[in-house]
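Student: Here it is, the structure in full.
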Amino acid sequence: KKKPLIPVVIVAVIAVVMLVGFLVGATIFRASAYSDLMTVQNSDFDRDFSDISYDEVPRIDASRAKTLADQQLGSLSQYKSQYVVADATTQINYRGVPCRVASLQYADVFKWVNNTKNGLPAYILIDVVSQKVTVVNCVEQFGSGIQYSPAEYFNEKLIRHLRFQYPTKLLDTPNFEIDESGHPYWVTASLTKKIGLFGGTDVQGAIVTDALSGESKYYPIDTVRKDKSLNWIDVVYSDQLLIEQYNYYGKLKKGFWNSIIFQNDVNVASSGNGYIAMDDDVWVYTGITSSKTDTSNFGFILCNQRTKEVRYYQNGGAIETSAMESAQDAVQNFGYAATFPILLDIEGQPSYFMSLYGDSNTVKGYALVSLEDKTVVGTGLIDTNSDAKALNTAVENYINAMKDKGWIAKTVDAADYVKDEAEIATAGGEQTGGAAK
C-alpha cells in the first residue's frame, strides 16, 4: 500500500511545480516583464519611406504566390504528378528583390517511395514584384536534391533530424530560405521562455540547416543580427511572435489592471499584416488601433524579422480593412477583392497600396487609398491595359484625386510619377539569374 504513494507524490510535485511556474509567469503578476519583451522606437515616415517606389513593392500575397507556383509546376512535365508545392512560402529578399520561396512535397506516399532516394529535385522562387516564377533545379545547380524537409519520413524528416541534433532546444516552425547563390536552407528559430516556466516566448538563436546535406549550425541571436555573412537570412522572428509581443507591449506597458479597467494608452495591432522590403531585410507591417474594435488606426509599426527592430510611425487614419473596402467599392462592378495593403509615400501623403484580384486568383488591377481619407482612391485595371499601364494609371488617378481634395498643388503633374512601362514589366526579372526552369 505504501509503494503506490511514490508515483502519486512524484506527480503531485510535478503538478505543483507547473502551477507555480504558471503563476510566476502570469500576466497579472508580470505585466511589466511582458511589456519589456519588445523595444519600440518612434520613427519618421517621410524619412524611411521616401525611397520606396510603388513599382518596387510586392504586388501579390502568399496565397496568390502559391497559385502562380502551382501553375508553373503543373506546366513542367518532369515534375507533373510526382510533386506538389508546399503550402507554406517564405517572404525573403533575394538579391535585393522581394520574393517568396517555396519547397516541394511528394504528391503522396507512393511518390515518396519512388523518389525519396534522390530527394526533392527543385524549389520554386516567385518574384512578388514582376510575378515571374522560376523553378530552380537543385540537382543541376548544386549536384543534389533536397534530402531534408518536412515532406520526408524517418531520419530525413526535418523536425526529427533537428531533434536528434539539438535535443534540448525549443524549436519554432522551420522556414525555407535561400542564400544569395540560391542554395536552399532551413532556418529554425530556437525559442526560450523568459517569464516563469511557460511565459514570455522569445528567440534566443537560429539553427541554419543545409537542405541538401542536413548539416546544421546554431547561431546566437546577436550573431544573426550582427554577422554580415548571415544577412541573407530574412526570417527568424515569425510575424505571429512579433505581433504577439507588440500586443503585450501595447496592452501592458501601464500595468495589468490598466489594460482591463482604465485602458489608458492601451493599443494593439490591427487585424492582418503585410510585408515591406527595406534595408535588405523583410519587415512586417501592421496598423495600431485601440483595444476595442475600431475603424481607424493611431499609427503603424514595422518589425524586422531578422533583428526584431521595431519602428512606430504616428501616422493615423483609416484601418486597413476599411481601406480595402474602399478600393473594392471603387471597382464594385467587377467584384474584385483587395489584398492586405502596405503603406507608401505618394507626394508626401501616406497611402495604402494594394492589388485587386478576380475569381481566378490572378491580379486584375491596382488601387491606392489615402490613409487620412479613405474616400480618396485611385485605381488602374488590367482588363483594358497592360500590367505596367494599370499600375501607372492607378498612381495617376490617385494623384489627380489628391489634387481635387486640395492636398497637393494643382501644378503637380501626375505624369511626373509615371514609371517606364518596360522597366516595370521586367522589374526583378534579371535578379533570378542562375536559376533554371
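Ordering of the C-alpha cells sets the chain letters (A, B, ...); residue numbers start at 1 within each chain; ligands are numbered from 1 in the order shown.
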Would you list, as a ChimeraX atom specification, the residues of segment 96-280 of chain A that end up in strand (DSSP E or B) under DSSP run on this structure's backbone?
Tutor: /A:97-106,120,122-127,133-137,146,149,157,170-171,175-178,184-195,199-210,216-220,267-269,274-278
Student: Using only C-alpha atoms, I'd like a table of the residues in segment 191-300 of chain A that come within 10 Å of segment 27-30 of chain A; for each, show the closest atom pair and its distance in Å rounded to one decimal, ordered by chain and ascending number, as a Markdown table.
Tutor:
```
| residue | atom | partner | partner_atom | distance |
| --- | --- | --- | --- | --- |
| A:Ile195 | CA | A:Arg30 | CA | 7.7 |
| A:Gly196 | CA | A:Arg30 | CA | 9.1 |
| A:Gly199 | CA | A:Thr27 | CA | 8.4 |
| A:Gly200 | CA | A:Thr27 | CA | 9.4 |
| A:Tyr248 | CA | A:Thr27 | CA | 9.0 |
| A:Leu252 | CA | A:Thr27 | CA | 8.4 |
| A:Gly255 | CA | A:Ile28 | CA | 8.4 |
| A:Phe256 | CA | A:Ile28 | CA | 5.6 |
| A:Trp257 | CA | A:Ile28 | CA | 7.8 |
```
Student: Using the selection just defined, write its residues with N, CA, C and O atoms as a short mmCIF file (atom, residue, chain, number, x, y, z; two decimals), in the first residue's frame.
Tutor:
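Contents of part.cif, as written:
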```
data_model
loop_
_atom_site.label_atom_id
_atom_site.label_comp_id
_atom_site.auth_asym_id
_atom_site.auth_seq_id
_atom_site.Cartn_x
_atom_site.Cartn_y
_atom_site.Cartn_z
N ILE A 195 9.75 34.40 -19.03
CA ILE A 195 8.95 34.78 -17.86
C ILE A 195 8.33 33.52 -17.27
O ILE A 195 7.48 32.88 -17.89
N GLY A 196 8.73 33.17 -16.05
CA GLY A 196 8.24 31.94 -15.44
C GLY A 196 8.70 30.72 -16.24
O GLY A 196 9.74 30.74 -16.90
N GLY A 199 5.90 31.45 -19.93
CA GLY A 199 5.53 32.75 -20.49
C GLY A 199 6.69 33.50 -21.10
O GLY A 199 7.86 33.22 -20.85
N GLY A 200 6.36 34.48 -21.92
CA GLY A 200 7.38 35.35 -22.50
C GLY A 200 8.21 34.67 -23.57
O GLY A 200 9.44 34.69 -23.53
N TYR A 248 1.50 42.61 -26.20
CA TYR A 248 1.88 42.69 -24.79
C TYR A 248 2.35 44.10 -24.45
O TYR A 248 1.97 44.68 -23.43
N LEU A 252 0.08 46.20 -21.89
CA LEU A 252 0.54 46.03 -20.51
C LEU A 252 1.59 47.05 -20.07
O LEU A 252 2.05 46.98 -18.93
N GLY A 255 0.59 48.58 -16.89
CA GLY A 255 0.10 47.68 -15.85
C GLY A 255 -1.07 46.81 -16.30
O GLY A 255 -1.79 47.14 -17.23
N PHE A 256 -1.22 45.70 -15.59
CA PHE A 256 -2.26 44.74 -15.94
C PHE A 256 -3.65 45.32 -15.74
O PHE A 256 -4.52 45.19 -16.61
N TRP A 257 -3.89 45.95 -14.59
CA TRP A 257 -5.24 46.43 -14.30
C TRP A 257 -5.63 47.58 -15.21
O TRP A 257 -6.81 47.74 -15.55
#
```
Student: Which neighbours of Gly365 of chain A fall inside 12 Å, counting only C-alpha atoms, when residues of the same chain fewer than 3 positions from it are skipped, and could you give them as a PyMOL selection string?
Tutor: chain A and resi 59-60+327-328+330-331+334-339+353-358+361-362+368+378-395
Student: Between A:Thr201, A:Ser81, A:Ser290, A:Thr321, single out the one closest to Gly250 of chain A, counting only C-alpha atoms.
Tutor: A:Ser290
Student: Compile the contact shell of segment 105-122 of chain A as a PyMOL selection string: residues with an atom at most 6 Å away, counting only C-alpha atoms, same-chain residues fewer than 3 positions apart removed.
Tutor: chain A and resi 82-84+86+136-139+145-147+151
Student: Run DSSP on the backbone of this structure and report the residues of segment 179-408 of chain A it assigns to alpha helix (DSSP H), as JSON, numbers by chain.
Tutor: {"A": [221, 222, 223, 224, 225, 226, 239, 240, 241, 242, 243, 244, 245, 246, 247, 248, 249, 250, 251, 252, 256, 257, 320, 321, 322, 323, 324, 325, 326, 327, 328, 329, 330, 387, 388, 389, 390, 391, 392, 393, 394, 395, 396, 397, 398, 399, 400, 401, 402, 403, 404, 405]}
Student: Keeping only C-alpha atoms, take the residues you just selected and write them out as an mmCIF file, in the first residue's frame.
Tutor:
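For reference, part_8.cif as written:
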```cif
data_model
loop_
_atom_site.group_PDB
_atom_site.id
_atom_site.type_symbol
_atom_site.label_atom_id
_atom_site.label_comp_id
_atom_site.auth_asym_id
_atom_site.auth_seq_id
_atom_site.Cartn_x
_atom_site.Cartn_y
_atom_site.Cartn_z
ATOM 1 C CA ILE A 221 20.564 35.756 -32.000
ATOM 2 C CA ASP A 222 23.177 38.503 -31.513
ATOM 3 C CA THR A 223 25.335 36.787 -34.138
ATOM 4 C CA VAL A 224 22.420 36.624 -36.568
ATOM 5 C CA ARG A 225 21.860 40.354 -36.077
ATOM 6 C CA LYS A 226 25.484 41.466 -36.417
ATOM 7 C CA ASP A 239 5.103 37.538 -37.784
ATOM 8 C CA GLN A 240 2.849 35.874 -35.191
ATOM 9 C CA LEU A 241 5.519 36.193 -32.470
ATOM 10 C CA LEU A 242 6.268 39.823 -33.328
ATOM 11 C CA ILE A 243 2.611 40.808 -33.235
ATOM 12 C CA GLU A 244 2.075 38.864 -30.004
ATOM 13 C CA GLN A 245 4.946 40.722 -28.353
ATOM 14 C CA TYR A 246 3.713 44.086 -29.605
ATOM 15 C CA ASN A 247 0.262 43.366 -28.169
ATOM 16 C CA TYR A 248 1.882 42.689 -24.786
ATOM 17 C CA TYR A 249 3.715 45.992 -25.102
ATOM 18 C CA GLY A 250 0.653 47.932 -26.187
ATOM 19 C CA LYS A 251 -1.684 46.500 -23.560
ATOM 20 C CA LEU A 252 0.544 46.032 -20.515
ATOM 21 C CA PHE A 256 -2.265 44.737 -15.939
ATOM 22 C CA TRP A 257 -5.237 46.428 -14.299
ATOM 23 C CA GLU A 320 -6.537 48.547 -43.349
ATOM 24 C CA THR A 321 -9.788 46.634 -43.751
ATOM 25 C CA SER A 322 -11.644 49.902 -44.262
ATOM 26 C CA ALA A 323 -9.183 50.947 -46.974
ATOM 27 C CA MET A 324 -9.621 47.554 -48.653
ATOM 28 C CA GLU A 325 -13.384 48.064 -48.704
ATOM 29 C CA SER A 326 -12.946 51.493 -50.304
ATOM 30 C CA ALA A 327 -10.771 50.016 -53.040
ATOM 31 C CA GLN A 328 -13.295 47.245 -53.659
ATOM 32 C CA ASP A 329 -16.162 49.747 -53.775
ATOM 33 C CA ALA A 330 -14.314 51.674 -56.485
ATOM 34 C CA ASP A 387 0.022 45.312 -66.023
ATOM 35 C CA ALA A 388 2.516 48.181 -66.115
ATOM 36 C CA LYS A 389 -0.028 50.583 -67.602
ATOM 37 C CA ALA A 390 -2.590 49.617 -64.949
ATOM 38 C CA LEU A 391 -0.070 50.367 -62.193
ATOM 39 C CA ASN A 392 0.748 53.768 -63.675
ATOM 40 C CA THR A 393 -2.940 54.545 -64.204
ATOM 41 C CA ALA A 394 -3.697 53.856 -60.550
ATOM 42 C CA VAL A 395 -0.994 56.327 -59.487
ATOM 43 C CA GLU A 396 -2.143 58.985 -61.978
ATOM 44 C CA ASN A 397 -5.759 58.695 -60.851
ATOM 45 C CA TYR A 398 -4.712 58.830 -57.199
ATOM 46 C CA ILE A 399 -2.617 61.970 -57.645
ATOM 47 C CA ASN A 400 -5.473 63.653 -59.507
ATOM 48 C CA ALA A 401 -7.841 62.689 -56.655
ATOM 49 C CA MET A 402 -5.480 64.326 -54.140
ATOM 50 C CA LYS A 403 -5.351 67.444 -56.308
ATOM 51 C CA ASP A 404 -9.141 67.582 -56.298
ATOM 52 C CA LYS A 405 -9.056 67.486 -52.486
#
```
Student: When you count only C-alpha atoms, which of these residues is closest to Ala414 of chain A: A:Leu104, A:Leu212, A:Ile346, A:Leu197?
Tutor: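 Counting only C-alpha atoms, the residue closest to Ala414 of chain A is A:Ile346.
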Student: Please provide the set of residues having any atom within 10 Å of Trp232 of chain A, restricted to only C-alpha atoms, with same-chain residues fewer than 5 positions apart removed, written as a tab-separated table (two decimals) with N, CA and C atoms, in the first residue's frame.
Tutor:
```tsv
chain	number	residue	atom	x	y	z
A	92	ILE	N	11.10	36.63	-48.63
A	92	ILE	CA	12.52	36.92	-48.47
A	92	ILE	C	12.91	38.07	-49.39
A	93	ASN	N	14.12	38.58	-49.19
A	93	ASN	CA	14.76	39.47	-50.15
A	93	ASN	C	15.85	38.67	-50.84
A	94	TYR	N	15.74	38.49	-52.15
A	94	TYR	CA	16.74	37.73	-52.88
A	94	TYR	C	17.42	38.66	-53.88
A	95	ARG	N	18.69	38.95	-53.63
A	95	ARG	CA	19.46	39.86	-54.47
A	95	ARG	C	18.76	41.22	-54.60
A	177	GLU	N	14.48	28.99	-46.82
A	177	GLU	CA	15.12	30.17	-47.37
A	177	GLU	C	16.26	29.78	-48.30
A	178	ILE	N	16.76	30.75	-49.05
A	178	ILE	CA	17.92	30.54	-49.92
A	178	ILE	C	18.91	31.66	-49.68
A	179	ASP	N	20.20	31.36	-49.86
A	179	ASP	CA	21.21	32.41	-49.73
A	179	ASP	C	21.34	33.14	-51.07
A	180	GLU	N	22.32	34.04	-51.17
A	180	GLU	CA	22.43	34.86	-52.38
A	180	GLU	C	22.85	34.06	-53.61
A	181	SER	N	23.37	32.85	-53.41
A	181	SER	CA	23.70	31.99	-54.55
A	181	SER	C	22.54	31.08	-54.93
A	224	VAL	N	23.29	36.48	-35.39
A	224	VAL	CA	22.42	36.62	-36.57
A	224	VAL	C	22.21	38.10	-36.89
A	280	ASP	N	17.43	45.85	-47.05
A	280	ASP	CA	17.81	44.46	-47.37
A	280	ASP	C	17.27	43.48	-46.34
A	281	ASP	N	16.19	43.82	-45.67
A	281	ASP	CA	15.52	42.93	-44.73
A	281	ASP	C	14.03	42.90	-45.03
A	306	ARG	N	14.45	39.71	-38.87
A	306	ARG	CA	15.77	39.16	-38.55
A	306	ARG	C	16.32	39.71	-37.25
```
Student: Nearest to Ser43 of chain A among A:Lys364, A:Arg100, A:Lys374, A:Arg311, with distances taken over only C-alpha atoms: which residue is it?
Tutor: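 For Ser43 of chain A, the nearest of the candidates is A:Arg311.
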